[in-house]
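Novice: Contents of protein39.cif (mmCIF, C-alpha atoms and all ligand atoms) are given next:
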```
data_run
#
loop_
_atom_site.label_atom_id
_atom_site.label_comp_id
_atom_site.auth_asym_id
_atom_site.auth_seq_id
_atom_site.Cartn_x
_atom_site.Cartn_y
_atom_site.Cartn_z
CA MET A 1 3.92 8.07 -4.44
CA LYS A 2 5.69 9.74 -1.55
CA VAL A 3 9.42 9.17 -1.94
CA VAL A 4 12.03 9.87 0.72
CA VAL A 5 15.44 10.39 -0.86
CA GLY A 6 18.29 9.72 1.58
CA ILE A 7 21.64 11.23 0.63
CA THR A 8 25.00 10.25 2.08
CA GLY A 9 28.47 11.75 1.71
CA GLY A 10 29.78 10.48 -1.61
CA ILE A 11 30.80 12.58 -4.60
CA ALA A 12 27.80 11.13 -6.51
CA ALA A 13 25.58 13.23 -4.20
CA TYR A 14 25.93 15.97 -6.80
CA LYS A 15 23.65 13.90 -9.07
CA VAL A 16 20.82 13.70 -6.52
CA PRO A 17 19.06 16.97 -7.48
CA GLU A 18 18.60 15.42 -10.94
CA LEU A 19 17.10 12.29 -9.37
CA VAL A 20 14.72 14.45 -7.32
CA ARG A 21 13.78 16.43 -10.44
CA LEU A 22 13.00 13.21 -12.38
CA LEU A 23 10.86 11.87 -9.53
CA LYS A 24 8.93 15.15 -9.26
CA LYS A 25 8.43 15.19 -13.03
CA ALA A 26 6.94 11.69 -12.81
CA GLY A 27 4.37 13.04 -10.34
CA HIS A 28 5.87 11.82 -7.06
CA GLU A 29 6.19 13.87 -3.89
CA VAL A 30 9.74 13.99 -2.58
CA ARG A 31 11.35 14.77 0.77
CA CYS A 32 15.09 14.61 1.27
CA ALA A 33 17.03 13.35 4.29
CA ALA A 34 20.78 13.89 4.24
CA THR A 35 23.77 13.02 6.39
CA GLU A 36 26.02 15.84 7.52
CA HIS A 37 28.73 14.75 5.07
CA ALA A 38 26.30 14.70 2.15
CA LEU A 39 25.98 18.46 2.55
CA GLU A 40 29.68 18.81 1.63
CA PHE A 41 28.71 17.70 -1.88
CA VAL A 42 25.22 19.11 -2.39
CA THR A 43 23.65 22.05 -0.62
CA ARG A 44 20.58 22.24 1.57
CA VAL A 45 19.20 25.05 -0.59
CA THR A 46 19.47 22.95 -3.76
CA LEU A 47 17.74 19.94 -2.18
CA GLU A 48 14.98 22.02 -0.61
CA THR A 49 14.42 23.89 -3.86
CA VAL A 50 14.15 20.83 -6.12
CA SER A 51 12.10 18.79 -3.64
CA GLU A 52 9.95 21.79 -2.62
CA ASN A 53 10.15 20.49 0.94
CA PRO A 54 12.32 21.11 4.01
CA LEU A 55 15.42 18.94 4.32
CA TYR A 56 15.75 16.53 7.22
CA CYS A 57 19.31 16.19 8.48
CA ASP A 58 19.41 16.98 12.16
CA LEU A 59 18.03 14.33 14.49
CA PHE A 60 17.63 16.82 17.32
CA ALA A 61 16.37 19.85 15.43
CA SER A 62 12.64 19.15 15.33
CA GLY A 63 11.57 17.61 18.56
CA HIS A 64 13.38 14.33 17.93
CA THR A 65 10.43 12.68 16.17
CA GLU A 66 10.95 13.69 12.56
CA HIS A 67 12.24 10.19 11.69
CA ILE A 68 8.86 8.78 12.82
CA SER A 69 6.78 11.28 10.87
CA LEU A 70 8.94 10.78 7.75
CA LYS A 71 8.60 7.01 8.19
CA ASP A 72 4.79 7.44 8.26
CA TRP A 73 4.85 9.88 5.36
CA GLY A 74 7.05 7.94 2.91
CA ASP A 75 5.90 5.07 0.71
CA VAL A 76 9.46 4.23 -0.31
CA LEU A 77 12.95 5.27 0.83
CA VAL A 78 15.78 5.44 -1.68
CA VAL A 79 19.34 6.05 -0.51
CA ALA A 80 21.48 7.59 -3.24
CA PRO A 81 24.39 7.56 -3.08
CA ALA A 82 24.70 4.85 -0.42
CA THR A 83 28.23 4.86 1.00
CA ALA A 84 29.98 1.86 2.58
CA ASN A 85 29.35 3.65 5.86
CA ILE A 86 25.53 3.79 5.67
CA ILE A 87 25.38 0.23 4.30
CA GLY A 88 27.48 -0.93 7.25
CA LYS A 89 25.39 1.01 9.74
CA VAL A 90 22.09 -0.42 8.55
CA ALA A 91 23.55 -3.95 8.42
CA SER A 92 24.63 -3.54 12.05
CA GLY A 93 21.51 -1.76 13.29
CA ILE A 94 23.30 1.48 14.09
CA ALA A 95 21.22 4.66 14.27
CA ASP A 96 23.50 7.58 15.13
CA ASP A 97 22.20 10.33 12.86
CA ALA A 98 19.01 11.45 11.12
CA LEU A 99 19.25 9.20 8.05
CA SER A 100 20.45 6.01 9.78
CA THR A 101 17.70 6.43 12.40
CA LEU A 102 15.09 6.87 9.68
CA LEU A 103 16.40 3.76 7.88
CA LEU A 104 15.89 1.59 10.95
CA ALA A 105 12.45 3.07 11.59
CA PHE A 106 11.47 2.47 7.94
CA SER A 107 11.34 -1.32 8.32
CA GLY A 108 8.36 -2.97 6.70
CA LYS A 109 8.35 -0.51 3.81
CA PRO A 110 10.35 -0.71 0.57
CA VAL A 111 13.94 0.54 0.76
CA ILE A 112 16.13 0.94 -2.30
CA MET A 113 19.86 1.72 -2.24
CA ALA A 114 22.18 2.95 -4.97
CA PRO A 115 25.67 2.19 -3.64
CA ALA A 116 28.61 4.35 -4.68
CA MET A 117 32.18 4.05 -3.46
CA ASN A 118 35.77 3.52 -4.46
CA SER A 119 36.24 0.13 -6.17
CA LEU A 120 38.66 -1.16 -3.50
CA MET A 121 36.18 -0.29 -0.77
CA TRP A 122 33.47 -1.92 -2.81
CA ALA A 123 35.47 -5.14 -3.10
CA HIS A 124 36.15 -5.34 0.65
CA PRO A 125 34.62 -8.49 2.13
CA ALA A 126 32.96 -6.50 4.91
CA VAL A 127 31.12 -4.33 2.36
CA GLN A 128 30.14 -7.35 0.29
CA ARG A 129 28.92 -9.13 3.41
CA ASN A 130 26.84 -6.10 4.44
CA ILE A 131 25.35 -5.81 0.95
CA SER A 132 24.34 -9.49 1.10
CA THR A 133 22.77 -8.93 4.51
CA LEU A 134 20.72 -5.96 3.29
CA LYS A 135 19.63 -7.88 0.18
CA SER A 136 18.52 -10.80 2.35
CA TRP A 137 16.29 -8.34 4.23
CA GLY A 138 14.62 -7.34 0.98
CA ILE A 139 16.50 -4.06 0.44
CA ARG A 140 16.78 -3.53 -3.28
CA MET A 141 20.23 -2.58 -4.65
CA VAL A 142 20.41 -0.57 -7.86
CA GLY A 143 23.64 -0.29 -9.80
CA PRO A 144 26.88 -2.07 -8.99
CA ALA A 145 25.40 -4.41 -6.39
CA GLU A 146 22.82 -5.78 -8.80
CA GLY A 147 25.20 -8.07 -10.64
CA GLU A 148 28.24 -10.11 -9.74
CA LEU A 149 31.20 -8.39 -8.17
CA ALA A 150 33.55 -7.61 -11.06
CA CYS A 151 36.73 -6.99 -9.15
CA GLY A 152 39.22 -4.66 -10.75
CA VAL A 153 36.92 -3.53 -13.54
CA SER A 154 37.01 0.24 -13.69
CA GLY A 155 33.76 1.88 -12.81
CA VAL A 156 32.81 -0.78 -10.27
CA GLY A 157 31.28 0.96 -7.30
CA ARG A 158 29.94 3.84 -9.38
CA MET A 159 26.45 5.01 -8.59
CA ALA A 160 23.70 4.09 -11.06
CA GLU A 161 22.52 7.01 -13.19
CA PRO A 162 19.58 9.05 -11.82
CA GLU A 163 17.40 7.85 -14.74
CA GLN A 164 18.00 4.21 -13.76
CA ILE A 165 17.25 4.85 -10.09
CA ALA A 166 14.11 6.84 -10.96
CA ALA A 167 12.96 4.01 -13.26
CA VAL A 168 13.28 1.46 -10.44
CA ILE A 169 11.09 3.64 -8.22
CA CYS A 170 8.57 4.52 -10.92
CA GLN A 171 8.18 1.00 -12.34
CA GLY A 172 8.41 -0.91 -9.10
CA GLU A 173 11.20 -2.98 -10.64
CA GLY A 174 12.56 -5.58 -8.26
CA LEU A 175 9.80 -4.92 -5.76
CA MET A 176 8.32 -7.93 -4.02
CA MET A 177 5.08 -8.12 -6.02
CA LYS A 178 6.39 -7.03 -9.42
CA GLY A 179 4.51 -8.83 -12.21
CA GLU A 180 1.51 -9.67 -10.03
CA ARG A 181 -2.02 -8.41 -10.58
CA TRP A 182 -4.43 -7.98 -7.68
CA LEU A 183 -8.07 -7.06 -7.45
CA VAL A 184 -9.32 -4.88 -4.59
CA THR A 185 -12.92 -3.87 -3.92
CA ALA A 186 -13.61 -0.82 -1.79
CA GLY A 187 -16.29 1.49 -0.47
CA PRO A 188 -20.04 1.17 -0.19
CA THR A 189 -22.54 0.30 -2.87
CA TYR A 190 -25.59 2.42 -3.63
CA GLU A 191 -28.80 0.60 -4.48
CA ARG A 192 -31.23 2.84 -6.29
CA ILE A 193 -34.76 3.34 -5.02
CA ASP A 194 -35.76 5.96 -7.57
CA SER A 195 -34.12 8.70 -9.63
CA VAL A 196 -32.93 10.62 -6.53
CA ARG A 197 -32.71 8.10 -3.66
CA PHE A 198 -30.66 5.08 -2.79
CA ILE A 199 -29.89 2.59 -0.01
CA GLY A 200 -26.26 2.95 1.04
CA ASN A 201 -23.96 2.53 4.02
CA TYR A 202 -21.28 4.46 5.91
CA SER A 203 -18.24 2.77 4.35
CA SER A 204 -15.65 5.41 3.38
CA GLY A 205 -13.47 3.19 1.16
CA LYS A 206 -10.36 4.16 3.16
CA MET A 207 -9.33 0.58 3.95
CA GLY A 208 -9.67 -0.55 0.33
CA PHE A 209 -7.78 2.48 -1.01
CA ALA A 210 -4.99 1.85 1.52
CA LEU A 211 -4.83 -1.79 0.35
CA ALA A 212 -4.61 -0.73 -3.31
CA GLN A 213 -1.85 1.76 -2.50
CA ALA A 214 0.15 -0.78 -0.48
CA LEU A 215 -0.14 -3.46 -3.18
CA ALA A 216 0.97 -0.99 -5.85
CA ASP A 217 3.85 0.24 -3.68
CA ALA A 218 4.94 -3.39 -3.37
CA GLY A 219 5.10 -3.56 -7.19
CA ALA A 220 1.74 -5.15 -8.06
CA GLU A 221 -0.66 -3.96 -10.74
CA VAL A 222 -3.96 -3.24 -9.03
CA GLU A 223 -7.53 -3.31 -10.28
CA LEU A 224 -9.39 -1.18 -7.75
CA ILE A 225 -13.16 -1.45 -8.09
CA THR A 226 -14.80 1.07 -5.82
CA GLY A 227 -18.27 2.18 -4.90
CA PRO A 228 -19.09 5.89 -4.48
CA THR A 229 -16.42 7.71 -2.46
CA SER A 230 -14.65 11.04 -2.70
CA LEU A 231 -11.27 9.34 -2.24
CA LYS A 232 -8.72 9.54 -5.03
CA ILE A 233 -5.64 7.52 -5.76
CA ASP A 234 -2.93 8.55 -8.14
CA HIS A 235 -0.55 5.71 -8.82
CA PRO A 236 0.62 4.47 -12.22
CA ARG A 237 -0.03 0.86 -11.21
CA VAL A 238 -3.57 1.36 -9.91
CA LYS A 239 -6.47 1.20 -12.36
CA VAL A 240 -9.61 2.58 -10.74
CA THR A 241 -13.07 1.44 -11.87
CA ARG A 242 -15.87 3.41 -10.24
CA ILE A 243 -19.21 1.66 -9.95
CA GLU A 244 -22.39 2.33 -8.04
CA SER A 245 -24.35 -0.84 -7.34
CA ALA A 246 -23.51 -4.33 -6.10
CA ARG A 247 -24.44 -5.76 -9.48
CA GLU A 248 -22.04 -3.41 -11.26
CA MET A 249 -19.30 -4.36 -8.79
CA TYR A 250 -20.11 -8.02 -9.39
CA ALA A 251 -19.79 -7.63 -13.18
CA ALA A 252 -16.48 -5.74 -12.94
CA ALA A 253 -14.95 -8.07 -10.32
CA THR A 254 -15.88 -11.34 -12.02
CA GLU A 255 -14.44 -10.04 -15.28
CA VAL A 256 -10.97 -9.22 -13.93
CA PHE A 257 -10.55 -11.92 -11.27
CA PRO A 258 -9.43 -14.71 -13.68
CA GLN A 259 -6.40 -12.58 -14.68
CA CYS A 260 -5.42 -11.86 -11.06
CA ASN A 261 -3.03 -13.51 -8.62
CA GLY A 262 -5.33 -12.58 -5.81
CA ALA A 263 -8.23 -10.47 -4.62
CA ILE A 264 -8.95 -8.59 -1.41
CA LEU A 265 -12.61 -7.72 -1.05
CA SER A 266 -13.01 -4.93 1.45
CA ALA A 267 -16.12 -3.31 -0.03
CA ALA A 268 -19.23 -3.02 2.11
CA VAL A 269 -21.59 -4.47 -0.47
CA ALA A 270 -25.33 -4.09 0.09
CA ASP A 271 -26.86 -7.50 0.62
CA TYR A 272 -30.24 -6.37 -0.75
CA ARG A 273 -31.53 -3.92 -3.36
CA PRO A 274 -34.98 -2.60 -4.15
CA SER A 275 -36.70 -5.04 -6.50
CA GLU A 276 -37.63 -2.14 -8.75
CA CYS A 277 -36.06 1.24 -9.37
CA ALA A 278 -38.54 3.98 -10.28
CA ASP A 279 -37.37 6.22 -13.13
CA HIS A 280 -38.97 9.25 -11.46
CA LYS A 281 -38.96 10.59 -7.90
CA LEU A 282 -41.44 8.58 -5.84
CA LYS A 283 -44.22 10.69 -4.39
CA LYS A 284 -45.08 10.82 -0.71
CA ASN A 285 -47.68 8.27 0.20
CA GLY A 286 -49.28 10.05 3.15
CA ASP A 287 -50.58 7.97 6.01
CA GLU A 288 -50.38 4.76 4.02
CA GLY A 289 -46.58 4.68 4.45
CA MET A 290 -44.16 3.29 1.97
CA HIS A 291 -42.98 -0.29 1.51
CA LEU A 292 -39.84 -1.24 -0.28
CA ASP A 293 -39.61 -4.70 -1.69
CA LEU A 294 -36.00 -5.91 -1.48
CA VAL A 295 -34.28 -8.71 -3.39
CA GLN A 296 -30.92 -10.27 -2.65
CA ASN A 297 -27.76 -9.08 -4.37
CA PRO A 298 -25.20 -11.53 -5.73
CA ASP A 299 -22.42 -12.39 -3.26
CA ILE A 300 -19.25 -11.32 -5.08
CA LEU A 301 -16.90 -12.93 -2.58
CA ALA A 302 -18.68 -16.30 -2.67
CA THR A 303 -18.71 -16.19 -6.48
CA LEU A 304 -14.96 -15.50 -6.65
CA GLY A 305 -14.51 -18.35 -4.14
CA ARG A 306 -16.19 -20.69 -6.62
CA MET A 307 -14.17 -19.28 -9.55
CA LYS A 308 -10.86 -19.49 -7.66
CA LYS A 309 -8.13 -21.52 -9.37
CA GLU A 310 -5.04 -23.16 -7.90
CA GLY A 311 -2.51 -20.49 -6.94
CA GLN A 312 -5.02 -17.66 -6.58
CA THR A 313 -5.41 -16.03 -3.15
CA LEU A 314 -8.79 -14.79 -1.99
CA VAL A 315 -9.19 -12.55 1.04
CA GLY A 316 -12.52 -11.41 2.47
CA PHE A 317 -13.49 -9.05 5.26
CA ALA A 318 -15.95 -9.75 8.04
CA LEU A 319 -17.80 -7.43 10.34
CA GLU A 320 -19.42 -9.48 13.06
CA THR A 321 -21.21 -8.47 16.23
CA ASP A 322 -21.32 -11.75 18.11
CA ASN A 323 -19.32 -14.98 18.05
CA GLU A 324 -16.96 -12.98 15.88
CA GLU A 325 -14.14 -15.45 15.42
CA ALA A 326 -16.31 -18.52 14.98
CA ASN A 327 -18.55 -16.76 12.44
CA ALA A 328 -15.57 -15.42 10.52
CA GLN A 329 -13.97 -18.86 10.43
CA ARG A 330 -17.23 -20.35 9.15
CA LYS A 331 -17.44 -17.70 6.43
CA LEU A 332 -13.86 -18.38 5.41
CA GLU A 333 -14.66 -22.03 4.78
CA LYS A 334 -18.08 -21.52 3.23
CA LYS A 335 -16.83 -18.93 0.73
CA ASN A 336 -13.60 -20.83 -0.05
CA LEU A 337 -11.27 -18.05 1.13
CA ASN A 338 -7.58 -18.22 2.01
CA TYR A 339 -7.87 -15.48 4.62
CA ILE A 340 -10.55 -13.49 6.34
CA VAL A 341 -9.93 -10.14 7.99
CA LEU A 342 -12.14 -9.61 10.99
CA ASN A 343 -12.90 -5.96 11.68
CA SER A 344 -13.18 -5.13 15.31
CA LEU A 345 -16.37 -3.40 16.34
CA ARG A 346 -15.44 -3.34 19.99
CA ASP A 347 -12.68 -0.80 19.64
CA LYS A 348 -13.09 2.91 19.33
CA GLY A 349 -11.15 4.11 16.31
CA ALA A 350 -11.76 0.96 14.26
CA GLY A 351 -14.15 0.41 11.37
CA PHE A 352 -16.20 2.76 9.18
CA GLY A 353 -15.09 6.26 8.30
CA VAL A 354 -12.11 6.58 10.64
CA ASP A 355 -8.41 6.61 9.67
CA THR A 356 -7.43 3.77 11.99
CA ASN A 357 -8.39 0.13 12.24
CA LYS A 358 -7.82 -2.94 14.35
CA VAL A 359 -8.18 -6.34 12.76
CA THR A 360 -7.68 -10.04 13.25
CA ILE A 361 -6.38 -11.93 10.21
CA ILE A 362 -7.52 -15.54 10.21
CA SER A 363 -5.95 -17.97 7.78
CA ARG A 364 -7.33 -21.18 6.31
CA ASP A 365 -5.12 -23.28 8.57
CA GLY A 366 -6.73 -21.60 11.59
CA SER A 367 -3.83 -19.34 12.57
CA TYR A 368 -4.68 -15.90 13.93
CA LYS A 369 -2.84 -12.60 13.71
CA GLU A 370 -4.24 -9.76 15.77
CA SER A 371 -3.19 -6.19 15.03
CA PRO A 372 -3.04 -3.31 17.47
CA LEU A 373 -5.00 -0.15 16.61
CA MET A 374 -3.01 1.22 13.66
CA SER A 375 -3.45 3.54 10.71
CA LYS A 376 -5.32 1.93 7.80
CA GLN A 377 -2.07 2.20 5.80
CA GLU A 378 -0.26 0.09 8.39
CA VAL A 379 -3.14 -2.39 8.57
CA ALA A 380 -3.03 -2.66 4.77
CA ARG A 381 0.69 -3.49 4.83
CA LEU A 382 0.15 -6.05 7.58
CA ILE A 383 -2.62 -7.73 5.58
CA ILE A 384 -0.52 -7.81 2.42
CA ASN A 385 2.58 -9.10 4.20
CA THR A 386 0.46 -11.83 5.80
CA VAL A 387 -1.44 -12.98 2.72
CA THR A 388 1.61 -12.98 0.43
CA SER A 389 4.14 -14.66 2.72
O1 LIG B 401 -21.16 -12.44 4.15
P1 LIG B 401 -20.68 -11.06 4.47
O2 LIG B 401 -21.42 -9.98 3.74
O3 LIG B 401 -20.58 -10.78 5.94
O4 LIG B 401 -19.16 -11.04 3.95
C1 LIG B 401 -18.39 -9.88 3.94
C2 LIG B 401 -17.37 -10.02 2.86
O5 LIG B 401 -18.01 -10.37 1.65
C3 LIG B 401 -16.62 -8.74 2.54
O6 LIG B 401 -15.31 -9.11 2.12
C4 LIG B 401 -17.41 -8.13 1.40
O7 LIG B 401 -16.61 -7.32 0.58
C5 LIG B 401 -17.89 -9.37 0.67
N1 LIG B 401 -19.20 -9.28 0.02
C6 LIG B 401 -19.29 -9.38 -1.35
N2 LIG B 401 -20.50 -9.37 -1.97
C7 LIG B 401 -21.63 -9.23 -1.26
C8 LIG B 401 -21.57 -9.11 0.13
C9 LIG B 401 -20.35 -9.13 0.75
O8 LIG B 401 -18.24 -9.49 -1.99
N3 LIG B 401 -22.80 -9.19 -1.91
#
```
Could I get this structure in the form of structure tokens?
Specialist:
Amino acid sequence: MKVVVGITGGIAAYKVPELVRLLKKAGHEVRCAATEHALEFVTRVTLETVSENPLYCDLFASGHTEHISLKDWGDVLVVAPATANIIGKVASGIADDALSTLLLAFSGKPVIMAPAMNSLMWAHPAVQRNISTLKSWGIRMVGPAEGELACGVSGVGRMAEPEQIAAVICQGEGLMMKGERWLVTAGPTYERIDSVRFIGNYSSGKMGFALAQALADAGAEVELITGPTSLKIDHPRVKVTRIESAREMYAAATEVFPQCNGAILSAAVADYRPSECADHKLKKNGDEGMHLDLVQNPDILATLGRMKKEGQTLVGFALETDNEEANAQRKLEKKNLNYIVLNSLRDKGAGFGVDTNKVTIISRDGSYKESPLMSKQEVARLIINTVTS
């Protein structure tokens, strides 16, 4: 995962290099963003050395857009220590320095805070009100704010230990989809003609991989079943099963679906396969030409639609060329889906191979949500937020 660590000006900032070290050790990439006051307690050199990345602390230093590129880069933002000041700023929508600006821009992605302050400040009704506001927006608090306010108990307001904060990030504890299991299919399928040839398609798998990443970042365990692609994903909550043909994808998907809360089928599955696969390279046939006899593949999505139990969510994709919405709606009903994601073919920059996409999410009750052209990561988060809300 890509973790942005935000540091504010509390004495506990001296513990942040240890947090960064633990995150790096667990295989995450880290970039730090600090307030000016944080650098009274921990130095730029230390943070840049442990994170192996430049520090972000000056809103105006790098063309004024660093908060946007860090927002795009990060999968999760953890603020440690979080002072009463930063908590108050976020609760009020104030963006007057690098970190507070980044925090407002980071909406829609997971934010974790580890508050740390004097116990009297901690007990102040304004701070408690701000904490409640941030919690109601889904910001996860680690440490003192997790439990009840124990007024007067010494140690209240102390920052959680780096190990505890790292564990929350690494295990997805408290994240929205913690404890859920989701199936995602991705990529093309290859249907063998002979020992060296196949029928395939141009699907890159990027949309499915982005969906798997976004589900895992939201705390879910993910079963990613993918056809041939060079893409890789390295996340402790994503189990990747690589298959080649539609029938292999069918076997893997039908096996895991009963244990899942939901499934998002973004794979471009071949509808037909050669009826026979030669075990040697087929020879040229000269003027006579070559005829391939094709038979239909099983429809994985329709099968899962029939298997679907109460409480399970099933999401399909559709790529239509005419009467797009009506056809997608029909497919949604026929295959017993909860949602169907209609890929736009009309827009440049959407669909196969590219890094961006533009979709319409249609729900069973007929409501529509149309996305602008966005990165596949952003489309993935939009789909997940829609189908889980
Ligand atoms: O019916 P159509 O192929 O247009 O439906 C597309 C949707 O069905 C996609 O979500 C795709 O992943 C899924 N599909 C499938 N098994 C097939 C064909 C398509 O799961 N054999």
Novice: Which residue gives the smallest distance to Ser132 (chain A) among A:Ala380, A:Gly88, A:Pro188, A:Cys277, with only C-alpha atoms counted?
Specialist: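 Smallest separation from Ser132 (chain A) among the options: A:Gly88.
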Novice: Got a sec to check which residues lie within 8 Å of ligand LIG 401 (chain B), using only C-alpha atoms and all ligand atoms, and send them as a PyMOL selection string?
Specialist: chain A and resi 185-186+246+250+264-271+297-302+315-320+331+340
Novice: Here's a test: counting only C-alpha atoms, identify every protein, DNA and RNA residue with an atom at most 8 Å from (21.7, 10.8, 18.0) in the file's coordinate frame, and state them as a PyMOL selection string.
Specialist: chain A and resi 59-60+95-98
Novice: Go ahead and save the picked residues with C-alpha atoms, as a JSON list (two decimals), in the coordinates of the input.
Specialist:
```
[["chain", "number", "residue", "atom", "x", "y", "z"],
["A", 59, "LEU", "CA", 18.03, 14.33, 14.49],
["A", 60, "PHE", "CA", 17.63, 16.82, 17.32],
["A", 95, "ALA", "CA", 21.22, 4.66, 14.27],
["A", 96, "ASP", "CA", 23.50, 7.58, 15.13],
["A", 97, "ASP", "CA", 22.20, 10.33, 12.86],
["A", 98, "ALA", "CA", 19.01, 11.45, 11.12]]
```
Novice: Quick one: distance from CA of Leu215 (chain A) to CA of Phe257 (chain A) in Å, one decimal?
Specialist: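 According to the coordinates, CA of Leu215 (chain A) and CA of Phe257 (chain A) are separated by 15.7 Å.
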Novice: Which residues are close to Lys309 (chain A), i.e. within 12 Å by only C-alpha atoms, leaving aside same-chain residues fewer than 6 positions away? Reply as a ChimeraX atom specification.
Specialist: /A:257-262,336-338
Novice: Output C-alpha atoms for every residue in the selection just made, as an mmCIF file, in the frame of the given file.
Specialist:
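Result written to out.cif:
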```cif
data_model
loop_
_atom_site.group_PDB
_atom_site.id
_atom_site.type_symbol
_atom_site.label_atom_id
_atom_site.label_comp_id
_atom_site.auth_asym_id
_atom_site.auth_seq_id
_atom_site.Cartn_x
_atom_site.Cartn_y
_atom_site.Cartn_z
ATOM 1 C CA PHE A 257 -10.550 -11.920 -11.270
ATOM 2 C CA PRO A 258 -9.430 -14.710 -13.680
ATOM 3 C CA GLN A 259 -6.400 -12.580 -14.680
ATOM 4 C CA CYS A 260 -5.420 -11.860 -11.060
ATOM 5 C CA ASN A 261 -3.030 -13.510 -8.620
ATOM 6 C CA GLY A 262 -5.330 -12.580 -5.810
ATOM 7 C CA ASN A 336 -13.600 -20.830 -0.050
ATOM 8 C CA LEU A 337 -11.270 -18.050 1.130
ATOM 9 C CA ASN A 338 -7.580 -18.220 2.010
#
```
Novice: Find the residues near Val90 (chain A): any atom within 7 Å, counting all atoms listed in the file, skip ones fewer than 3 places away on the same chain, and give them as JSON, numbers by chain.
Specialist: {"A": [86, 87, 93, 94, 100, 104]}
Novice: Could you please determine the separation between CA of Phe106 (chain A) and CA of Lys71 (chain A) in Å, to one decimal place?
Specialist: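 Separating CA of Phe106 (chain A) from CA of Lys71 (chain A) is a distance of 5.4 Å.
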Novice: Please provide as a ChimeraX atom specification all residues within 9 Å of Gly9 (chain A), with the sequence filter that same-chain residues fewer than 2 positions apart are discarded (counting all atoms listed in the file).
Specialist: /A:7,11-13,34-41,81-83
Novice: Enter the distance from CA of Ala253 (chain A) to CA of Glu191 (chain A), in Å, rounded to one decimal.
Specialist: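 Taking CA of Ala253 (chain A) as the start and CA of Glu191 (chain A) as the end point, the length is 17.4 Å.
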Novice: Using all atoms listed in the file, list the residues that have an atom at most 10 Å from (-16.0, 6.3, 8.5), coordinates as in the file, as a count of residues only.
Specialist: 15
Novice: Centre and edge lengths, as lines of an AutoDock Vina configuration file, for the axis-aligned box enclosing every listed atom of region 64-76 of chain A with 8 Å of padding on each of the six sides, in Å to one decimal?
Specialist:
```
center_x = 9.1
center_y = 9.3
center_z = 8.8
size_x = 24.6
size_y = 26.1
size_z = 34.2
```
Novice: Tell me, as a count of residues only, which residues lie within 10 Å of region 18-29 of chain A, counting all atoms listed in the file; anything in the same chain fewer than 5 positions away does not count.
Specialist: 27
Novice: Pick the closest to Gly208 (chain A) from A:Ala263, A:Met176, A:Leu103, A:Glu276: which is it, counting all atoms listed in the file?
Specialist: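 For Gly208 (chain A), the nearest of the given residues is A:Ala263.
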Novice: With all atoms listed in the file as the basis for distance, which of A:Asp58, A:Glu378, A:Asp279, A:Asp365 is at the shortest distance from Leu99 (chain A)?
Specialist: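 Closest candidate: A:Asp58.
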Novice: Give me the residues near Val222 (chain A) as a PyMOL selection string, where near means some atom within 8 Å (using all atoms listed in the file) and where sequence neighbours in that chain fewer than 6 positions away do not count.
Specialist: chain A and resi 181-184+212+215-216+237-239
Novice: Store the residues picked out above, limited to C-alpha atoms, as a PDB file, in the coordinates of the input.
Specialist:
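See selection29.pdb below for the written result:
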```pdb
ATOM      1  CA  ARG A 181      -2.020  -8.410 -10.580  1.00  0.00           C
ATOM      2  CA  TRP A 182      -4.430  -7.980  -7.680  1.00  0.00           C
ATOM      3  CA  LEU A 183      -8.070  -7.060  -7.450  1.00  0.00           C
ATOM      4  CA  VAL A 184      -9.320  -4.880  -4.590  1.00  0.00           C
ATOM      5  CA  ALA A 212      -4.610  -0.730  -3.310  1.00  0.00           C
ATOM      6  CA  LEU A 215      -0.140  -3.460  -3.180  1.00  0.00           C
ATOM      7  CA  ALA A 216       0.970  -0.990  -5.850  1.00  0.00           C
ATOM      8  CA  ARG A 237      -0.030   0.860 -11.210  1.00  0.00           C
ATOM      9  CA  VAL A 238      -3.570   1.360  -9.910  1.00  0.00           C
ATOM     10  CA  LYS A 239      -6.470   1.200 -12.360  1.00  0.00           C
TER      11      LYS A 239
END
```
Novice: Go through A:Glu180, A:Asn385, A:Ile139, A:Thr43 and flag the residue nearest Gln312 (chain A), using all atoms listed in the file for the distances.
Specialist: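 For Gln312 (chain A), the nearest of the candidates is A:Glu180.
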